[in-house]
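J.: Sharing coords-v2.pdb, PDB, C-alpha atoms and all ligand atoms:
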```pdb
ATOM      1  CA  MET A  75     121.182 155.050-259.931
ATOM      2  CA  THR A  76     124.642 154.404-258.491
ATOM      3  CA  TYR A  77     124.185 154.891-254.749
ATOM      4  CA  SER A  78     121.183 154.551-252.457
ATOM      5  CA  VAL A  79     121.491 155.635-248.840
ATOM      6  CA  ILE A  80     118.931 154.157-246.445
ATOM      7  CA  VAL A  81     118.254 156.111-243.273
ATOM      8  CA  PRO A  82     115.805 154.633-240.717
ATOM      9  CA  CYS A  83     114.286 157.412-238.591
ATOM     10  CA  TYR A  84     112.330 157.145-235.379
ATOM     11  CA  ASN A  85     111.676 160.407-233.541
ATOM     12  CA  GLU A  86     114.758 162.050-234.995
ATOM     13  CA  GLU A  87     113.512 165.653-235.344
ATOM     14  CA  ALA A  88     116.561 166.962-233.500
ATOM     15  CA  VAL A  89     119.100 165.540-235.933
ATOM     16  CA  LEU A  90     117.505 165.229-239.368
ATOM     17  CA  GLU A  91     118.462 168.629-240.837
ATOM     18  CA  GLU A  92     122.077 168.160-239.801
ATOM     19  CA  THR A  93     122.114 164.522-240.982
ATOM     20  CA  HIS A  94     120.765 165.542-244.364
ATOM     21  CA  LYS A  95     123.322 168.333-244.672
ATOM     22  CA  ARG A  96     126.244 166.025-243.932
ATOM     23  CA  LEU A  97     124.941 163.199-246.089
ATOM     24  CA  THR A  98     124.373 165.568-249.003
ATOM     25  CA  GLN A  99     127.857 167.022-248.669
ATOM     26  CA  VAL A 100     129.400 163.554-248.828
ATOM     27  CA  MET A 101     127.158 162.099-251.522
ATOM     28  CA  SER A 102     127.321 165.078-253.881
ATOM     29  CA  GLY A 103     131.116 165.071-253.475
ATOM     30  CA  MET A 104     131.274 161.522-254.840
ATOM     31  CA  GLY A 105     130.317 162.708-258.321
ATOM     32  CA  GLU A 106     127.821 159.977-259.122
ATOM     33  CA  SER A 107     124.043 159.689-259.083
ATOM     34  CA  TYR A 108     122.498 158.988-255.681
ATOM     35  CA  GLU A 109     119.235 158.865-253.755
ATOM     36  CA  ILE A 110     118.616 159.107-250.038
ATOM     37  CA  VAL A 111     115.754 156.916-248.851
ATOM     38  CA  TYR A 112     114.496 158.053-245.463
ATOM     39  CA  VAL A 113     112.199 155.603-243.711
ATOM     40  CA  ASN A 114     110.006 157.216-241.098
ATOM     41  CA  ASP A 115     109.333 154.393-238.666
ATOM     42  CA  GLY A 116     106.061 155.714-237.213
ATOM     43  CA  SER A 117     107.660 158.693-235.457
ATOM     44  CA  ARG A 118     105.515 160.650-233.040
ATOM     45  CA  ASP A 119     107.472 163.902-233.287
ATOM     46  CA  ARG A 120     108.037 166.226-236.257
ATOM     47  CA  THR A 121     110.193 163.704-238.178
ATOM     48  CA  GLY A 122     107.466 163.150-240.812
ATOM     49  CA  GLU A 123     107.027 166.888-241.497
ATOM     50  CA  ILE A 124     110.760 167.460-241.740
ATOM     51  CA  LEU A 125     111.112 164.581-244.193
ATOM     52  CA  ARG A 126     108.253 165.852-246.369
ATOM     53  CA  ASP A 127     109.937 169.236-246.421
ATOM     54  CA  LEU A 128     113.351 167.749-247.326
ATOM     55  CA  GLN A 129     111.707 165.772-250.102
ATOM     56  CA  LYS A 130     110.186 168.947-251.585
ATOM     57  CA  ARG A 131     113.513 170.775-251.450
ATOM     58  CA  ASP A 132     115.823 168.044-252.691
ATOM     59  CA  GLU A 133     115.177 165.779-255.657
ATOM     60  CA  HIS A 134     117.565 163.162-254.253
ATOM     61  CA  VAL A 135     115.289 162.535-251.297
ATOM     62  CA  LYS A 136     112.748 159.721-251.167
ATOM     63  CA  CYS A 137     110.603 158.948-248.149
ATOM     64  CA  VAL A 138     108.834 155.829-246.975
ATOM     65  CA  MET A 139     106.386 156.590-244.192
ATOM     66  CA  PHE A 140     105.302 153.741-241.905
ATOM     67  CA  ALA A 141     101.791 153.702-240.481
ATOM     68  CA  ARG A 142     103.197 152.710-237.112
ATOM     69  CA  ASN A 143     106.477 151.916-235.439
ATOM     70  CA  ALA A 144     107.818 148.617-236.751
ATOM     71  CA  GLY A 145     111.358 148.760-235.392
ATOM     72  CA  HIS A 146     114.790 149.570-236.776
ATOM     73  CA  GLN A 147     115.431 146.287-238.610
ATOM     74  CA  LEU A 148     112.108 146.482-240.463
ATOM     75  CA  ALA A 149     112.631 150.161-241.303
ATOM     76  CA  VAL A 150     115.960 149.238-242.924
ATOM     77  CA  THR A 151     114.243 146.323-244.690
ATOM     78  CA  ALA A 152     111.655 148.691-246.213
ATOM     79  CA  GLY A 153     114.485 151.007-247.282
ATOM     80  CA  LEU A 154     116.157 148.059-249.013
ATOM     81  CA  ASP A 155     112.935 147.196-250.825
ATOM     82  CA  TRP A 156     112.538 150.735-252.150
ATOM     83  CA  ALA A 157     116.187 151.506-252.920
ATOM     84  CA  THR A 158     117.270 151.204-256.553
ATOM     85  CA  GLY A 159     121.025 151.859-256.363
ATOM     86  CA  ASP A 160     123.825 149.618-257.616
ATOM     87  CA  ALA A 161     125.324 150.009-254.150
ATOM     88  CA  VAL A 162     123.168 150.489-251.079
ATOM     89  CA  VAL A 163     124.363 152.166-247.888
ATOM     90  CA  ILE A 164     122.618 151.631-244.558
ATOM     91  CA  ILE A 165     123.307 154.344-242.006
ATOM     92  CA  ASP A 166     121.736 155.517-238.718
ATOM     93  CA  ALA A 167     119.996 158.882-238.665
ATOM     94  CA  ASP A 168     121.749 160.128-235.525
ATOM     95  CA  LEU A 169     125.227 160.650-237.077
ATOM     96  CA  GLN A 170     126.794 157.990-234.868
ATOM     97  CA  ASP A 171     127.958 156.465-238.133
ATOM     98  CA  PRO A 172     129.896 159.275-239.840
ATOM     99  CA  PRO A 173     128.769 159.752-243.491
ATOM    100  CA  GLU A 174     132.394 160.618-244.335
ATOM    101  CA  VAL A 175     133.168 156.870-244.167
ATOM    102  CA  ILE A 176     130.898 156.186-247.171
ATOM    103  CA  PRO A 177     133.524 157.182-249.818
ATOM    104  CA  LEU A 178     136.003 154.744-248.202
ATOM    105  CA  MET A 179     133.397 151.995-248.508
ATOM    106  CA  ALA A 180     132.753 153.010-252.116
ATOM    107  CA  GLU A 181     136.446 152.623-252.890
ATOM    108  CA  LYS A 182     136.355 149.028-251.661
ATOM    109  CA  TRP A 183     133.141 148.439-253.607
ATOM    110  CA  LYS A 184     134.808 149.653-256.794
ATOM    111  CA  GLN A 185     137.665 147.251-256.121
ATOM    112  CA  GLY A 186     135.165 144.389-256.102
ATOM    113  CA  ALA A 187     134.011 144.002-252.495
ATOM    114  CA  GLN A 188     130.277 143.321-252.267
ATOM    115  CA  VAL A 189     129.449 143.626-248.578
ATOM    116  CA  ILE A 190     131.512 146.290-246.839
ATOM    117  CA  SER A 191     130.769 146.532-243.135
ATOM    118  CA  GLY A 192     131.641 149.438-240.908
ATOM    119  CA  LYS A 193     133.815 148.058-238.119
ATOM    120  CA  ARG A 194     133.793 150.097-234.935
ATOM    121  CA  LYS A 195     137.175 151.080-233.552
ATOM    122  CA  ALA A 196     136.158 153.341-230.708
ATOM    123  CA  ARG A 197     132.678 153.298-229.216
ATOM    124  CA  ASP A 198     132.514 156.873-228.042
ATOM    125  CA  GLY A 199     129.605 157.743-225.775
ATOM    126  CA  GLU A 200     128.644 154.154-225.012
ATOM    127  CA  THR A 201     128.350 152.982-221.444
ATOM    128  CA  ALA A 202     130.748 150.414-219.951
ATOM    129  CA  PHE A 203     127.691 148.155-219.545
ATOM    130  CA  LYS A 204     126.962 148.243-223.287
ATOM    131  CA  LYS A 205     130.599 147.616-224.198
ATOM    132  CA  VAL A 206     130.904 144.612-221.855
ATOM    133  CA  THR A 207     127.560 143.062-222.830
ATOM    134  CA  ALA A 208     128.340 143.568-226.538
ATOM    135  CA  SER A 209     131.692 141.829-226.137
ATOM    136  CA  VAL A 210     130.206 138.862-224.253
ATOM    137  CA  TYR A 211     127.351 138.650-226.750
ATOM    138  CA  TYR A 212     129.679 138.440-229.751
ATOM    139  CA  LYS A 213     131.657 135.665-228.045
ATOM    140  CA  VAL A 214     128.470 133.679-227.378
ATOM    141  CA  ILE A 215     126.925 134.162-230.812
ATOM    142  CA  ASN A 216     130.166 133.311-232.559
ATOM    143  CA  PHE A 217     130.451 130.127-230.521
ATOM    144  CA  LEU A 218     126.875 129.215-231.462
ATOM    145  CA  THR A 219     127.112 130.136-235.141
ATOM    146  CA  GLY A 220     130.633 128.918-235.835
ATOM    147  CA  GLY A 221     132.139 132.403-236.151
ATOM    148  CA  MET A 222     129.721 133.734-238.738
ATOM    149  CA  ILE A 223     128.856 137.140-237.267
ATOM    150  CA  PRO A 224     131.619 139.736-237.627
ATOM    151  CA  ARG A 225     132.684 141.405-234.353
ATOM    152  CA  ASP A 226     132.059 145.078-233.674
ATOM    153  CA  THR A 227     129.890 145.647-236.698
ATOM    154  CA  GLY A 228     126.440 147.155-236.521
ATOM    155  CA  ASP A 229     124.172 147.895-239.425
ATOM    156  CA  PHE A 230     126.350 150.588-241.023
ATOM    157  CA  ARG A 231     127.493 149.080-244.323
ATOM    158  CA  MET A 232     127.588 149.327-248.092
ATOM    159  CA  VAL A 233     126.113 146.428-250.023
ATOM    160  CA  ASP A 234     126.314 145.619-253.701
ATOM    161  CA  LYS A 235     123.000 145.179-255.555
ATOM    162  CA  LYS A 236     123.577 141.436-255.924
ATOM    163  CA  ALA A 237     123.930 140.847-252.186
ATOM    164  CA  ALA A 238     121.100 143.296-251.446
ATOM    165  CA  ASP A 239     118.828 141.386-253.831
ATOM    166  CA  VAL A 240     119.427 138.132-251.946
ATOM    167  CA  VAL A 241     118.543 139.760-248.618
ATOM    168  CA  ARG A 242     115.481 141.373-250.272
ATOM    169  CA  GLY A 243     114.372 137.843-251.150
ATOM    170  CA  MET A 244     114.620 136.569-247.575
ATOM    171  CA  PRO A 245     111.114 136.877-246.127
ATOM    172  CA  GLU A 246     111.873 136.020-242.497
ATOM    173  CA  HIS A 247     110.121 138.151-239.893
ATOM    174  CA  ASP A 248     112.545 138.292-236.973
ATOM    175  CA  ARG A 249     115.402 139.967-238.768
ATOM    176  CA  PHE A 250     119.009 140.279-237.675
ATOM    177  CA  LEU A 251     120.291 142.119-240.729
ATOM    178  CA  ARG A 252     123.979 142.127-239.858
ATOM    179  CA  GLY A 253     123.772 138.336-239.637
ATOM    180  CA  MET A 254     121.839 138.086-242.892
ATOM    181  CA  PHE A 255     124.424 140.193-244.724
ATOM    182  CA  ALA A 256     127.175 137.953-243.347
ATOM    183  CA  TRP A 257     125.202 134.803-244.191
ATOM    184  CA  VAL A 258     124.806 135.683-247.905
ATOM    185  CA  GLY A 259     128.549 135.441-248.393
ATOM    186  CA  PHE A 260     129.872 137.216-251.521
ATOM    187  CA  ARG A 261     133.100 139.190-251.174
ATOM    188  CA  GLN A 262     133.016 140.620-247.653
ATOM    189  CA  ASP A 263     135.229 143.463-246.478
ATOM    190  CA  ALA A 264     135.284 146.043-243.700
ATOM    191  CA  VAL A 265     136.220 149.657-243.138
ATOM    192  CA  GLU A 266     137.267 150.690-239.630
ATOM    193  CA  TYR A 267     135.766 153.832-238.171
ATOM    194  CA  ASP A 268     135.288 155.639-234.892
ATOM    195  CA  ARG A 269     131.677 155.540-233.821
ATOM    196  CA  ASP A 270     130.652 159.000-232.638
ATOM    197  CA  ARG A 271     128.234 160.088-229.998
ATOM    198  CA  ARG A 272     124.655 160.633-231.011
ATOM    199  CA  PHE A 273     124.436 164.162-232.530
ATOM    200  CA  ALA A 274     121.261 164.980-230.550
ATOM    201  CA  GLY A 275     118.203 163.297-229.094
ATOM    202  CA  GLU A 276     118.344 160.006-227.276
ATOM    203  CA  SER A 277     118.742 156.326-228.075
ATOM    204  CA  HIS A 278     115.602 154.484-229.155
ATOM    205  CA  TYR A 279     117.142 151.132-228.353
ATOM    206  CA  PRO A 280     116.132 150.475-224.766
ATOM    207  CA  LEU A 281     117.380 147.289-223.105
ATOM    208  CA  LYS A 282     114.207 145.399-224.061
ATOM    209  CA  LYS A 283     114.654 146.034-227.814
ATOM    210  CA  MET A 284     118.364 145.275-227.515
ATOM    211  CA  LEU A 285     117.613 141.910-225.878
ATOM    212  CA  LYS A 286     115.069 141.068-228.603
ATOM    213  CA  LEU A 287     117.663 141.847-231.290
ATOM    214  CA  ALA A 288     120.279 139.787-229.448
ATOM    215  CA  ALA A 289     117.867 136.841-229.236
ATOM    216  CA  ASP A 290     116.965 137.185-232.945
ATOM    217  CA  GLY A 291     120.668 137.021-233.759
ATOM    218  CA  ILE A 292     121.133 133.776-231.880
ATOM    219  CA  PHE A 293     117.898 132.003-232.780
ATOM    220  CA  SER A 294     117.970 132.997-236.479
ATOM    221  CA  PHE A 295     121.489 131.783-237.041
ATOM    222  CA  SER A 296     121.978 128.873-234.693
ATOM    223  CA  ASP A 297     119.988 125.781-233.795
ATOM    224  CA  LYS A 298     122.491 124.780-231.121
ATOM    225  CA  PRO A 299     120.170 125.915-228.275
ATOM    226  CA  LEU A 300     117.655 123.295-229.482
ATOM    227  CA  LYS A 301     120.348 120.663-229.308
ATOM    228  CA  ILE A 302     121.540 121.441-225.795
ATOM    229  CA  SER A 303     118.861 119.061-224.506
ATOM    230  CA  THR A 304     120.329 116.131-226.418
ATOM    231  CA  TRP A 305     123.746 116.775-224.906
ATOM    232  CA  LEU A 306     122.266 116.993-221.419
ATOM    233  CA  GLY A 307     120.571 113.656-222.118
ATOM    234  CA  VAL A 308     123.888 112.121-223.114
ATOM    235  CA  LEU A 309     125.475 113.544-219.961
ATOM    236  CA  TYR A 310     122.758 112.011-217.770
ATOM    237  CA  GLY A 311     123.208 108.735-219.634
ATOM    238  CA  PHE A 312     126.896 108.801-218.766
ATOM    239  CA  VAL A 313     126.138 109.497-215.092
ATOM    240  CA  THR A 314     123.639 106.619-215.067
ATOM    241  CA  LEU A 315     126.313 104.310-216.422
ATOM    242  CA  CYS A 316     128.837 105.427-213.779
ATOM    243  CA  LEU A 317     126.292 104.884-211.018
ATOM    244  CA  LEU A 318     125.466 101.424-212.351
ATOM    245  CA  ILE A 319     129.131 100.451-212.273
ATOM    246  CA  MET A 320     129.387 101.842-208.724
ATOM    247  CA  THR A 321     126.442  99.688-207.529
ATOM    248  CA  LEU A 322     128.078  96.664-209.070
ATOM    249  CA  PHE A 323     131.322  97.283-207.128
ATOM    250  CA  PHE A 324     129.436  98.146-203.931
ATOM    251  CA  ASP A 325     127.517  94.862-204.255
ATOM    252  CA  ILE A 326     130.704  92.843-204.759
ATOM    253  CA  PHE A 327     132.484  94.441-201.776
ATOM    254  CA  GLY A 328     129.391  94.428-199.586
ATOM    255  CA  VAL A 329     129.221  98.229-199.162
ATOM    256  CA  PRO A 330     125.673  99.431-198.311
ATOM    257  CA  LEU A 331     124.019 100.990-201.391
ATOM    258  CA  GLY A 332     122.158 103.804-199.606
ATOM    259  CA  GLY A 333     120.013 105.781-202.063
ATOM    260  CA  LEU A 334     122.083 104.765-205.083
ATOM    261  CA  ARG A 335     119.280 102.859-206.797
ATOM    262  CA  LEU A 336     117.026 105.917-206.587
ATOM    263  CA  TYR A 337     119.763 108.127-208.090
ATOM    264  CA  ILE A 338     120.134 105.697-210.966
ATOM    265  CA  LEU A 339     116.418 105.817-211.649
ATOM    266  CA  ILE A 340     116.348 109.640-211.539
ATOM    267  CA  CYS A 341     119.343 109.982-213.875
ATOM    268  CA  PHE A 342     117.937 107.421-216.265
ATOM    269  CA  VAL A 343     114.579 109.224-216.476
ATOM    270  CA  ALA A 344     116.365 112.583-216.959
ATOM    271  CA  CYS A 345     118.486 111.028-219.686
ATOM    272  CA  THR A 346     115.536 109.647-221.674
ATOM    273  CA  LEU A 347     113.463 112.833-221.232
ATOM    274  CA  HIS A 348     116.282 115.091-222.414
ATOM    275  CA  ILE A 349     116.966 112.921-225.414
ATOM    276  CA  CYS A 350     113.255 112.917-226.321
ATOM    277  CA  ILE A 351     113.149 116.719-226.071
ATOM    278  CA  GLY A 352     116.318 116.862-228.176
ATOM    279  CA  VAL A 353     114.689 114.692-230.859
ATOM    280  CA  ALA A 354     111.665 117.009-230.896
ATOM    281  CA  GLY A 355     114.170 119.885-231.193
ATOM    282  CA  GLU A 356     115.680 118.302-234.299
ATOM    283  CA  TYR A 357     112.278 118.278-236.008
ATOM    284  CA  LEU A 358     111.527 121.781-234.780
ATOM    285  CA  SER A 359     114.833 123.065-236.116
ATOM    286  CA  ARG A 360     114.056 121.601-239.529
ATOM    287  CA  ILE A 361     110.540 123.069-239.560
ATOM    288  CA  TYR A 362     112.030 126.432-238.545
ATOM    289  CA  ASP A 363     114.569 126.215-241.344
ATOM    290  CA  GLU A 364     111.855 125.545-243.904
ATOM    291  CA  SER A 365     109.515 128.204-242.534
ATOM    292  CA  ARG A 366     112.131 130.953-242.901
ATOM    293  CA  GLY A 367     112.087 130.363-246.643
ATOM    294  CA  ARG A 368     115.729 131.220-247.141
ATOM    295  CA  PRO A 369     117.291 130.570-250.532
ATOM    296  CA  LEU A 370     118.916 127.152-250.815
ATOM    297  CA  TYR A 371     122.044 128.518-252.466
ATOM    298  CA  ILE A 372     123.300 131.897-253.548
ATOM    299  CA  VAL A 373     124.903 132.374-256.929
ATOM    300  CA  ALA A 374     127.550 135.090-257.074
ATOM    301  CA  ASP A 375     128.048 134.905-260.849
ATOM    302  CA  ALA A 376     126.879 132.659-263.658
ATOM    303  CA  LEU A 377     129.164 132.651-266.651
ATOM    304  CA  GLY A 378     128.564 131.498-270.197
ATOM    305  CA  PHE A 379     124.774 131.616-270.077
ATOM    306  CA  GLU A 380     122.722 133.478-272.619
ATOM    307  CA  ASN A 381     121.283 135.873-270.089
ATOM    308  CA  GLU A 382     124.055 138.515-270.109
ATOM    309  CA  GLU A 383     122.670 140.155-266.978
ATOM    310  CA  ASN A 384     124.122 137.430-264.811
ATOM    311  CA  GLU A 385     127.617 137.980-266.039
ATOM    312  CA  ASP A 386     130.156 140.294-264.511
TER     313      ASP A 386
HETATM  314  N1  LIG A 401     115.211 153.468-235.206
HETATM  315  C1  LIG A 401     114.097 153.112-235.948
HETATM  316  N2  LIG A 401     113.044 152.494-235.300
HETATM  317  C2  LIG A 401     113.087 152.208-233.967
HETATM  318  C3  LIG A 401     114.241 152.545-233.224
HETATM  319  C4  LIG A 401     115.297 153.162-233.884
HETATM  320  O1  LIG A 401     114.032 153.349-237.150
HETATM  321  O2  LIG A 401     112.088 151.668-233.455
HETATM  322  C5  LIG A 401     116.340 154.129-235.912
HETATM  323  C6  LIG A 401     116.837 155.411-235.264
HETATM  324  O3  LIG A 401     116.113 156.529-235.717
HETATM  325  C7  LIG A 401     118.297 155.436-235.699
HETATM  326  C8  LIG A 401     118.660 153.963-235.743
HETATM  327  O4  LIG A 401     117.446 153.251-235.840
HETATM  328  O5  LIG A 401     118.450 155.975-236.989
HETATM  329  C9  LIG A 401     119.452 153.508-234.534
HETATM  330  O6  LIG A 401     118.707 153.796-233.376
HETATM  331  P1  LIG A 401     119.352 154.450-232.076
HETATM  332  O7  LIG A 401     120.349 155.500-232.447
HETATM  333  O8  LIG A 401     118.236 154.910-231.211
HETATM  334  O9  LIG A 401     120.066 153.196-231.425
HETATM  335  P2  LIG A 401     121.536 153.118-230.760
HETATM  336  O10 LIG A 401     122.482 153.802-231.703
HETATM  337  O11 LIG A 401     121.415 153.821-229.467
HETATM  338  O12 LIG A 401     121.789 151.645-230.625
HETATM  339 MG    MG A 402     122.303 155.668-232.337
END
```
Translate the structure of the given file into C-alpha cells.
T.:
Amino acid sequence: MTYSVIVPCYNEEAVLEETHKRLTQVMSGMGESYEIVYVNDGSRDRTGEILRDLQKRDEHVKCVMFARNAGHQLAVTAGLDWATGDAVVIIDADLQDPPEVIPLMAEKWKQGAQVISGKRKARDGETAFKKVTASVYYKVINFLTGGMIPRDTGDFRMVDKKAADVVRGMPEHDRFLRGMFAWVGFRQDAVEYDRDRRFAGESHYPLKKMLKLAADGIFSFSDKPLKISTWLGVLYGFVTLCLLIMTLFFDIFGVPLGGLRLYILICFVACTLHICIGVAGEYLSRIYDESRGRPLYIVADALGFENEENED
C-alpha cells in the first residue's frame, strides 16, 4: 500500500459524503494504491452508518469504530496503528484541510522529506480570539521547548512509514501529536495552504478540549514549568542577600532597622522552600520522562548491516 489517509470523525454526518468524494477524487488521481482509514470516535449521530455504507461501496475504505468518544488525538493514534501505507496522511473530516494539498505533500515525500506538515497561511472562518490565543500559545510553547513546535501547523500532514513507526511506538497517554511528529526528527518539511471554513456541522473542539490540548503540548515537551520553582528560590535568595547587606549598612550608620529582620526571615524561608520544591520537581521530571517510555534514540537509517530492510 502506498498511501494511507487517516480521517478522525466525531459527529460528522453532515460532511462525510462530500469528504469522501473529494478525498477519492484526489487519491485516485495520484495513480497509486491507497486506503482511507476512517476512525469513528464514538459519534452519536449517523456517522457510523454512513461509514459502514461507504465501506461496503468502496474497497479503499477501512473503518475503525470506537466504543466511546476518546478524543481527536486518540482517534488519529488508532488510525496510525491500523494504517499500512508507506506514507500516511492525517486529515480532518470537515474539509478544513483541503485534500487537494495531499499531492503537493506527496511530491515532497518523493523527494525525500519524511514529515511534511501542512502550514496554515490563512485561517479562514476562525475567530479573532482563536487567532490571537494560537499566536500567544505558539510563542509560549516555543520558549518552553526551545523552538521545537512548528508555528501554524495543526495535525494535517504526510508522514513517512519510518517516522510513523516511531510515533506508533510511543505509548504516552496525553498525546500532542504535532509535537511528537516534530520530536521524532527525520527530514521535516512543510507545504503552505489556506485553511478553509468547516464544510458543514460545527467544531467539536470547545475551549475546554482546546485548553487540555494546549496543556498537553506544554507538559509533554517541556519540564521548564517544574523548574520555575528553583528559579524563584534563587531570586528569593538574592533578595535575602540584598536585605542582609542593607541591615549591615543600616547598623553601621545607625539607621533604625524597622521590620527588616522579619523581611529577611520571610525571604529566606521562601528561598529554601522554593528550592526544595524545585529539587522535588527535578525528580518528578525524571520519573515523568521514564514513565512516558519514549525511545532513547531514533535511527533514520542503518547502513551496512545484514538486515537489508533498514537500508534506504
Ligand atoms: N474529532 C474527533 N474526536 C473529537 C473531536 C473531534 O475525532 O472528540 C475530529 C473531528 O471529527 C474532525 C477533527 O477531529 O475531523 C477536528 O475537529 P474539529 O473540526 O471539530 O476541530 P476544529 O477544526 O474546530 O479545531
Ligand atoms: Mg475543523
J.: Give the residues close to ligand LIG 401 (chain A), within 8 Å, counting all atoms listed in the file; write them as JSON, numbers by chain.
T.: {"A": [81, 82, 83, 84, 85, 86, 113, 114, 115, 116, 143, 144, 145, 146, 147, 148, 149, 150, 165, 166, 167, 168, 170, 272, 276, 277, 278, 279, 280, 284]}
J.: Pull out every residue that the PyMOL selection byres (((chain A and resi 310-318) around 6) and not hetatm) matches in the shown coordinates and put them as a short mmCIF file (atom, residue, chain, number, x, y, z; two decimals) with C-alpha atoms, in the coordinates of the input.
T.:
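Final output, saved to part.cif:
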```cif
data_model
loop_
_atom_site.label_atom_id
_atom_site.label_comp_id
_atom_site.auth_asym_id
_atom_site.auth_seq_id
_atom_site.Cartn_x
_atom_site.Cartn_y
_atom_site.Cartn_z
CA GLY A 307 120.57 113.66 -222.12
CA VAL A 308 123.89 112.12 -223.11
CA LEU A 309 125.48 113.54 -219.96
CA ILE A 319 129.13 100.45 -212.27
CA MET A 320 129.39 101.84 -208.72
CA THR A 321 126.44 99.69 -207.53
CA ILE A 338 120.13 105.70 -210.97
CA CYS A 341 119.34 109.98 -213.88
CA PHE A 342 117.94 107.42 -216.26
CA CYS A 345 118.49 111.03 -219.69
#
```
J.: Do a neighbour search on A:Lys236 at 10 Å with only C-alpha atoms, toss out local chain neighbours closer than 6 positions, and write the hits as a PDB file with C-alpha atoms, keeping the file's coordinate frame.
T.:
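File produced: selection-v9.pdb:
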```
ATOM      1  CA  ASP A 160     123.825 149.618-257.616  1.00  0.00           C
ATOM      2  CA  ALA A 161     125.324 150.009-254.150  1.00  0.00           C
ATOM      3  CA  GLN A 188     130.277 143.321-252.267  1.00  0.00           C
ATOM      4  CA  VAL A 189     129.449 143.626-248.578  1.00  0.00           C
ATOM      5  CA  ARG A 242     115.481 141.373-250.272  1.00  0.00           C
ATOM      6  CA  VAL A 258     124.806 135.683-247.905  1.00  0.00           C
ATOM      7  CA  PHE A 260     129.872 137.216-251.521  1.00  0.00           C
ATOM      8  CA  ILE A 372     123.300 131.897-253.548  1.00  0.00           C
ATOM      9  CA  VAL A 373     124.903 132.374-256.929  1.00  0.00           C
ATOM     10  CA  ALA A 374     127.550 135.090-257.074  1.00  0.00           C
ATOM     11  CA  ASP A 375     128.048 134.905-260.849  1.00  0.00           C
ATOM     12  CA  ASN A 384     124.122 137.430-264.811  1.00  0.00           C
TER      13      ASN A 384
END
```
J.: In Å, rounded to a single decimal, give me how far atom CA of A:Gly352 is from atom CA of A:Ile302.
T.: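 If I compute the distance from atom CA of A:Ile302 to atom CA of A:Gly352, I get 7.3 Å.
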J.: Pick the closest to ligand MG 402 (chain A) from A:Ala274, A:Ile110, A:Ala344, A:Ile124: which is it, counting all atoms listed in the file?
T.: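 With all atoms listed in the file as the atom set, the closest residue is A:Ala274.
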J.: Rank nothing, just name the residue among A:Arg261, A:His348, A:Arg231, A:Arg252 nearest to A:Phe295, using all atoms listed in the file.
T.: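 Checking each of A:Arg261, A:His348, A:Arg231, A:Arg252 against A:Phe295, counting all atoms listed in the file, the winner is A:Arg252.
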J.: Excluding stretch 194-211 of chain A and any residue of its chain fewer than 2 positions from it, enumerate the residues within 9 Å of it, using only C-alpha atoms, and give them as a list in words.
T.: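 Counting only C-alpha atoms, the residues come to Gln170, Gly192, Lys213, Val214, Ile215, Asn216, Arg225, Asp226, Thr227, Gly228, Val265, Glu266, Tyr267, Asp268, Arg269, Asp270, Arg271, Arg272 and Ala288 of chain A.
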J.: Rank A:Gly291, A:Gly333, A:Gly367, A:Gly103 by their smallest atom-to-atom distance to A:Val241, using all atoms listed in the file, and report the top residue only.
T.: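 So, comparing all the options, the nearest one is A:Gly367.
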J.: For A:Asp263, find every residue with an atom within 7 Å (counting all atoms listed in the file), except residues of its own chain fewer than 3 positions away, and show them as a ChimeraX atom specification.
T.: /A:187,189-191
J.: Can you list what the PyMOL selection byres (((chain A and resi 91) around 12) and not hetatm) grabs from this structure, as a PyMOL selection string?
T.: chain A and resi 86-90+92-98+120-121+123-129+131+167-169+273-274
J.: Can I get the selection written as a tab-separated table (two decimals), in the coordinates of the input, with C-alpha atoms?
T.:
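Result file is out-v3.tsv:
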```tsv
chain	number	residue	atom	x	y	z
A	86	GLU	CA	114.76	162.05	-235.00
A	87	GLU	CA	113.51	165.65	-235.34
A	88	ALA	CA	116.56	166.96	-233.50
A	89	VAL	CA	119.10	165.54	-235.93
A	90	LEU	CA	117.50	165.23	-239.37
A	92	GLU	CA	122.08	168.16	-239.80
A	93	THR	CA	122.11	164.52	-240.98
A	94	HIS	CA	120.76	165.54	-244.36
A	95	LYS	CA	123.32	168.33	-244.67
A	96	ARG	CA	126.24	166.02	-243.93
A	97	LEU	CA	124.94	163.20	-246.09
A	98	THR	CA	124.37	165.57	-249.00
A	120	ARG	CA	108.04	166.23	-236.26
A	121	THR	CA	110.19	163.70	-238.18
A	123	GLU	CA	107.03	166.89	-241.50
A	124	ILE	CA	110.76	167.46	-241.74
A	125	LEU	CA	111.11	164.58	-244.19
A	126	ARG	CA	108.25	165.85	-246.37
A	127	ASP	CA	109.94	169.24	-246.42
A	128	LEU	CA	113.35	167.75	-247.33
A	129	GLN	CA	111.71	165.77	-250.10
A	131	ARG	CA	113.51	170.78	-251.45
A	167	ALA	CA	120.00	158.88	-238.66
A	168	ASP	CA	121.75	160.13	-235.52
A	169	LEU	CA	125.23	160.65	-237.08
A	273	PHE	CA	124.44	164.16	-232.53
A	274	ALA	CA	121.26	164.98	-230.55
```
J.: Residue by residue, what does the PyMOL selection byres (((chain A and resi 138) around 8) and not hetatm) grab here? Present the result as a VMD selection string.
T.: chain A and resid 111 to 114 136 to 137 139 to 140 152 to 153
J.: With distances taken over all atoms listed in the file, which of A:Glu181, A:Asp229, A:Asp297, A:Glu109 is nearest to ligand MG 402 (chain A)?
T.: A:Asp229
J.: Using all atoms listed in the file, which of the listed residues (A:Arg249, A:Trp156, A:Met232, A:Trp257) sits closest to A:Tyr371?
T.: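 Among the listed residues, the smallest separation from A:Tyr371 belongs to A:Trp257.
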J.: Atom CA of A:Lys301 and atom CA of A:Leu251 are how many Å apart?
T.: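 Pair atom CA of A:Lys301 / atom CA of A:Leu251 returns 24.3 Å.
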J.: Between A:Thr76, A:His134, A:Phe250, A:Gly221, which residue has the minimum interatomic distance to A:Leu285, considering only C-alpha atoms?
T.: A:Phe250
J.: In Å, how far is it from atom CA of A:Gly328 to atom CA of A:Val343?
T.: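 Interatomic distance here is 26.9 Å.
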J.: Using all atoms of stretch 321-325 of chain A listed in the file and a margin of 6 Å per side, can you give the axis-aligned box centre and edge lengths in Å to one decimal, as lines of an AutoDock Vina configuration file?
T.:
```
center_x = 128.9
center_y = 97.3
center_z = -206.5
size_x = 16.9
size_y = 16.8
size_z = 17.1
```
